[in-house]
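Notes follow the structure.
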Amino acid sequence: MTNQVYDVVIIGAGPAGIQAAIHAVRRKTDVVMLGRIENSSLYAAHVENYAFCEGVREGKDLLEAGHRQARQFGAEPVPEDVLKISQEGEHFHLELESGRKIETRTIIFAMGVSKKKLGVPGEKELSGRGVSYCVDCDANFYKGATVAVIGDRIYTDMELARRIPCDFILVLSGETTKEDIAKLKEPPALVARSLAELIP
Ligand SMILES: Cc1cc2nc3c(=O)[nH]c(=O)nc-3n(C[C@H](O)[C@H](O)[C@H](O)COP(=O)(O)OP(=O)(O)OC[C@H]3O[C@@H](n4cnc5c(N)ncnc54)[C@H](O)[C@@H]3O)c2cc1C
């Protein structure tokens with residue numbers, strides 16, 4: 001018996017992977033979508049900036065709906081990580097964590113990006129519940145809260161975040177200078193150059 005050769009294998013089950021799977025499978029191709037939705041950075045997020053989705057939606061629910069859609073059109077979800085990829089002639093061979101091997105003509109990489117982490121206690125556990133990596137996405141959720149804004153693009157992010165009435169603590173870890181801070185109409189209550197300076 002010969003092994004099935006898939007037309008497309010998508011590595012990633014986040015929004016990019018799911019959308020790719022929906023498009024690919026509707027072309028009547030054999031599609032496998034690898035990866036776990038719970039490993040998507042959207043999984044723990046509260047989302048209110050997606051078009052056509054009113055109100056605040058849970059990332060988990062959006063991912064589950066997208067997953068169902070991809071499956072209904074015929075994509076085969078495989079909730080495993082790929083550990084190894086090799087090429088033989090015109091085909092690719094993938095080895096999954098369970099030991100399963102998959103052969104395909106095409107691979108789409110949709111594995112997301114990893115954010116620069118601070119490595120402070122609670123950061124991982126509170127991701128999506130107080131810890132955010134996108135001012136544009138989440139500033140609105142923190143109205144009235146005391147917020148620390150940390151990063152290299154802090155000046156731009158501050159300008160955006162300033163539209164939300166928060167008390168800001170600003171931690172500088174990038175290219176933002178004192179002159180940049182002075183340009184802000186209402187400079188933040190506290191400006192620190194490092195976490196250590198803020199929390200001695
Ligand atoms: C706290 C938080 C809040 C956010 N809020 C919003 C918001 O409100 N609005 C918004 O638009 N965006 C928001 N984002 C950003 C959004 O989550 C990302 O832009 C989006 O998830 C990126 O999608 P992606 O498919 O590229 O990657 P991801 O969603 O990160 O998915 C990556 C996928 O790749 C898989 N994968 C990785 N390596 C392997 C491997 N070796 N084998 C198999 N699979 C693999 C993972 O299992 C996962 O399924 C938020 C992010 C965070 C962290």
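FYI, nothing fancy with the structure tokens labels: chains A, B, ... in order, residues from 1 per chain, ligands from 1 as they appear.
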Which polymer residues have any atom within 9 Å of an atom of A:Ile102, counting only C-alpha atoms, with same-chain residues fewer than 5 positions away left out, as a ChimeraX atom specification? /A:3-6,9,92-96
Which residues of chain A come within 7 Å of ligand 1, and for each one, what is the closest pair of atoms and their distance in Å to one decimal, counting only C-alpha atoms and all ligand atoms, sorted by chain and residue number, as a tab-separated table?
residue	atom	partner	partner_atom_place_in_ligand_line	distance
A:Ile11	CA	ligand 1	44 (N)	4.9
A:Gly12	CA	ligand 1	34 (O)	3.3
A:Ala13	CA	ligand 1	49 (O)	3.6
A:Gly14	CA	ligand 1	25 (O)	3.5
A:Pro15	CA	ligand 1	25 (O)	4.0
A:Ala16	CA	ligand 1	25 (O)	3.7
A:Gly17	CA	ligand 1	25 (O)	5.3
A:Leu34	CA	ligand 1	43 (C)	5.0
A:Gly35	CA	ligand 1	44 (N)	3.5
A:Arg36	CA	ligand 1	47 (O)	4.2
A:Ile37	CA	ligand 1	49 (O)	4.7
A:Glu38	CA	ligand 1	49 (O)	6.7
A:Asn39	CA	ligand 1	47 (O)	4.3
A:Ser40	CA	ligand 1	29 (O)	3.6
A:Ser41	CA	ligand 1	30 (O)	4.2
A:Leu42	CA	ligand 1	17 (O)	3.3
A:Ala44	CA	ligand 1	1 (C)	6.3
A:Ala45	CA	ligand 1	3 (C)	4.2
A:His46	CA	ligand 1	8 (O)	5.6
A:Val47	CA	ligand 1	8 (O)	3.7
A:Glu48	CA	ligand 1	8 (O)	5.7
A:Asn49	CA	ligand 1	9 (N)	5.5
A:Tyr50	CA	ligand 1	11 (O)	6.3
A:Glu80	CA	ligand 1	43 (C)	5.8
A:Asp81	CA	ligand 1	42 (N)	3.3
A:Val82	CA	ligand 1	42 (N)	4.0
A:Leu83	CA	ligand 1	41 (N)	6.0
A:Ala110	CA	ligand 1	26 (O)	5.6
A:Met111	CA	ligand 1	34 (O)	3.4
A:Gly112	CA	ligand 1	27 (O)	3.2
A:Val113	CA	ligand 1	30 (O)	6.0
A:Ser127	CA	ligand 1	1 (C)	5.1
A:Gly128	CA	ligand 1	1 (C)	3.7
A:Val131	CA	ligand 1	1 (C)	6.3
A:Ser132	CA	ligand 1	1 (C)	4.4
A:Tyr133	CA	ligand 1	53 (C)	5.7
A:Cys134	CA	ligand 1	4 (C)	6.4
A:Cys137	CA	ligand 1	8 (O)	4.3
A:Asp138	CA	ligand 1	8 (O)	5.9
Counting only C-alpha atoms, the residue among A:Ile108, A:Ala51, A:Glu179, A:Glu88 that lies closest to A:Ala20 is A:Ile108
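Counting from atom CA of A:Cys166, the distance to atom CA of A:Leu190 is 12.8 Å.
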So that I can check the secondary structure, give me every residue of stretch 7-70 of chain A assigned strand (DSSP E) by backbone DSSP, as an NGL selection string. :A and (7-11 or 31-34 or 46-47 or 57-58)
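Using only C-alpha atoms, the smallest distance between any of A:Ile18, A:Lys116, A:Lys28, A:Ile107 and A:Glu64 comes from A:Ile18.
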If you run DSSP over the backbone, which residues in chain A end up alpha helix (DSSP H)? Put them as a PyMOL selection string. chain A and resi 15-25+59-73+135-138+154-161+178-183+195-198
Generate a file of the selected residues that holds N, CA and C atoms, formatted as a tab-separated table (two decimals), in the first residue's frame.
chain	number	residue	atom	x	y	z
A	15	PRO	N	-4.88	31.80	13.70
A	15	PRO	CA	-5.69	32.45	12.66
A	15	PRO	C	-5.09	32.30	11.26
A	16	ALA	N	-3.77	32.43	11.12
A	16	ALA	CA	-3.14	32.34	9.78
A	16	ALA	C	-3.28	30.93	9.22
A	17	GLY	N	-2.99	29.93	10.04
A	17	GLY	CA	-3.07	28.54	9.60
A	17	GLY	C	-4.50	28.15	9.25
A	18	ILE	N	-5.44	28.55	10.09
A	18	ILE	CA	-6.85	28.20	9.87
A	18	ILE	C	-7.35	28.83	8.56
A	19	GLN	N	-7.02	30.12	8.37
A	19	GLN	CA	-7.48	30.80	7.14
A	19	GLN	C	-6.85	30.14	5.91
A	20	ALA	N	-5.55	29.80	6.02
A	20	ALA	CA	-4.87	29.13	4.90
A	20	ALA	C	-5.55	27.79	4.61
A	21	ALA	N	-5.92	27.05	5.67
A	21	ALA	CA	-6.55	25.74	5.50
A	21	ALA	C	-7.90	25.89	4.79
A	22	ILE	N	-8.67	26.89	5.21
A	22	ILE	CA	-9.99	27.10	4.59
A	22	ILE	C	-9.83	27.40	3.09
A	23	HIS	N	-8.91	28.29	2.76
A	23	HIS	CA	-8.71	28.62	1.34
A	23	HIS	C	-8.21	27.41	0.55
A	24	ALA	N	-7.24	26.70	1.11
A	24	ALA	CA	-6.63	25.59	0.38
A	24	ALA	C	-7.63	24.46	0.16
A	25	VAL	N	-8.38	24.12	1.19
A	25	VAL	CA	-9.25	22.94	1.09
A	25	VAL	C	-10.44	23.21	0.17
A	59	GLY	N	-10.66	34.59	22.38
A	59	GLY	CA	-9.81	34.01	21.33
A	59	GLY	C	-10.07	32.52	21.16
A	60	LYS	N	-10.25	31.83	22.28
A	60	LYS	CA	-10.49	30.38	22.25
A	60	LYS	C	-11.74	30.06	21.40
A	61	ASP	N	-12.82	30.85	21.60
A	61	ASP	CA	-14.06	30.60	20.85
A	61	ASP	C	-13.86	30.87	19.35
A	62	LEU	N	-13.13	31.94	19.05
A	62	LEU	CA	-12.88	32.26	17.63
A	62	LEU	C	-12.07	31.16	16.97
A	63	LEU	N	-11.06	30.68	17.69
A	63	LEU	CA	-10.21	29.61	17.13
A	63	LEU	C	-10.99	28.32	16.95
A	64	GLU	N	-11.84	28.01	17.94
A	64	GLU	CA	-12.63	26.78	17.81
A	64	GLU	C	-13.59	26.87	16.63
A	65	ALA	N	-14.17	28.06	16.42
A	65	ALA	CA	-15.10	28.24	15.29
A	65	ALA	C	-14.34	28.08	13.97
A	66	GLY	N	-13.17	28.70	13.87
A	66	GLY	CA	-12.37	28.61	12.64
A	66	GLY	C	-11.93	27.19	12.37
A	67	HIS	N	-11.57	26.50	13.43
A	67	HIS	CA	-11.15	25.10	13.34
A	67	HIS	C	-12.30	24.24	12.79
A	68	ARG	N	-13.51	24.47	13.36
A	68	ARG	CA	-14.69	23.72	12.90
A	68	ARG	C	-14.94	23.98	11.41
A	69	GLN	N	-14.83	25.25	11.02
A	69	GLN	CA	-15.05	25.64	9.62
A	69	GLN	C	-14.07	24.90	8.70
A	70	ALA	N	-12.80	24.93	9.07
A	70	ALA	CA	-11.77	24.27	8.24
A	70	ALA	C	-12.07	22.78	8.12
A	71	ARG	N	-12.50	22.16	9.24
A	71	ARG	CA	-12.79	20.72	9.25
A	71	ARG	C	-14.01	20.42	8.37
A	72	GLN	N	-15.04	21.30	8.50
A	72	GLN	CA	-16.26	21.06	7.73
A	72	GLN	C	-15.99	21.10	6.22
A	73	PHE	N	-15.05	21.92	5.81
A	73	PHE	CA	-14.72	21.97	4.37
A	73	PHE	C	-13.83	20.80	3.96
A	135	VAL	N	-0.60	47.16	22.32
A	135	VAL	CA	-1.36	48.32	22.81
A	135	VAL	C	-2.60	48.54	21.95
A	136	ASP	N	-2.39	48.43	20.64
A	136	ASP	CA	-3.48	48.65	19.70
A	136	ASP	C	-4.66	47.73	19.99
A	137	CYS	N	-4.34	46.43	20.31
A	137	CYS	CA	-5.41	45.45	20.55
A	137	CYS	C	-6.07	45.67	21.91
A	138	ASP	N	-5.27	45.97	22.93
A	138	ASP	CA	-5.76	45.78	24.29
A	138	ASP	C	-5.85	47.01	25.18
A	154	ILE	N	8.05	52.52	22.49
A	154	ILE	CA	7.23	53.03	23.57
A	154	ILE	C	6.60	54.38	23.25
A	155	TYR	N	7.30	55.22	22.49
A	155	TYR	CA	6.78	56.56	22.20
A	155	TYR	C	5.49	56.45	21.40
A	156	THR	N	5.52	55.65	20.34
A	156	THR	CA	4.33	55.45	19.51
A	156	THR	C	3.22	54.83	20.35
A	157	ASP	N	3.58	53.79	21.11
A	157	ASP	CA	2.58	53.10	21.90
A	157	ASP	C	1.97	54.02	22.96
A	158	MET	N	2.81	54.86	23.54
A	158	MET	CA	2.30	55.79	24.55
A	158	MET	C	1.28	56.74	23.94
A	159	GLU	N	1.59	57.24	22.74
A	159	GLU	CA	0.69	58.18	22.09
A	159	GLU	C	-0.67	57.54	21.87
A	160	LEU	N	-0.64	56.26	21.48
A	160	LEU	CA	-1.88	55.53	21.26
A	160	LEU	C	-2.57	55.26	22.59
A	161	ALA	N	-1.78	54.78	23.53
A	161	ALA	CA	-2.34	54.41	24.82
A	161	ALA	C	-2.88	55.64	25.56
A	178	LYS	N	14.70	61.06	26.64
A	178	LYS	CA	14.03	62.02	27.52
A	178	LYS	C	13.30	63.08	26.70
A	179	GLU	N	13.89	63.42	25.55
A	179	GLU	CA	13.28	64.44	24.69
A	179	GLU	C	11.92	63.93	24.15
A	180	ASP	N	11.90	62.64	23.81
A	180	ASP	CA	10.63	62.05	23.33
A	180	ASP	C	9.57	62.17	24.42
A	181	ILE	N	9.98	61.86	25.64
A	181	ILE	CA	9.03	61.90	26.77
A	181	ILE	C	8.53	63.33	26.97
A	182	ALA	N	9.46	64.29	26.86
A	182	ALA	CA	9.10	65.70	27.09
A	182	ALA	C	8.06	66.17	26.08
A	183	LYS	N	8.03	65.50	24.90
A	183	LYS	CA	7.08	65.92	23.87
A	183	LYS	C	5.63	65.53	24.21
A	195	LEU	N	13.39	47.64	34.87
A	195	LEU	CA	12.46	47.07	35.85
A	195	LEU	C	13.05	47.19	37.25
A	196	ALA	N	14.37	47.00	37.34
A	196	ALA	CA	15.04	47.04	38.64
A	196	ALA	C	14.87	48.41	39.31
A	197	GLU	N	14.86	49.45	38.47
A	197	GLU	CA	14.69	50.81	38.98
A	197	GLU	C	13.28	51.01	39.54
A	198	LEU	N	12.34	50.31	38.89
A	198	LEU	CA	10.93	50.45	39.26
A	198	LEU	C	10.61	49.63	40.50
Using only C-alpha atoms: which of A:Ser114, A:Thr176, A:Thr106, A:Asn140 has the shortest distance to A:Asp7: A:Thr106
Could you jot down the atom CA of A:Gly119 to atom CA of A:Pro79 separation for me, Å, one decimal place? 27.5 Å
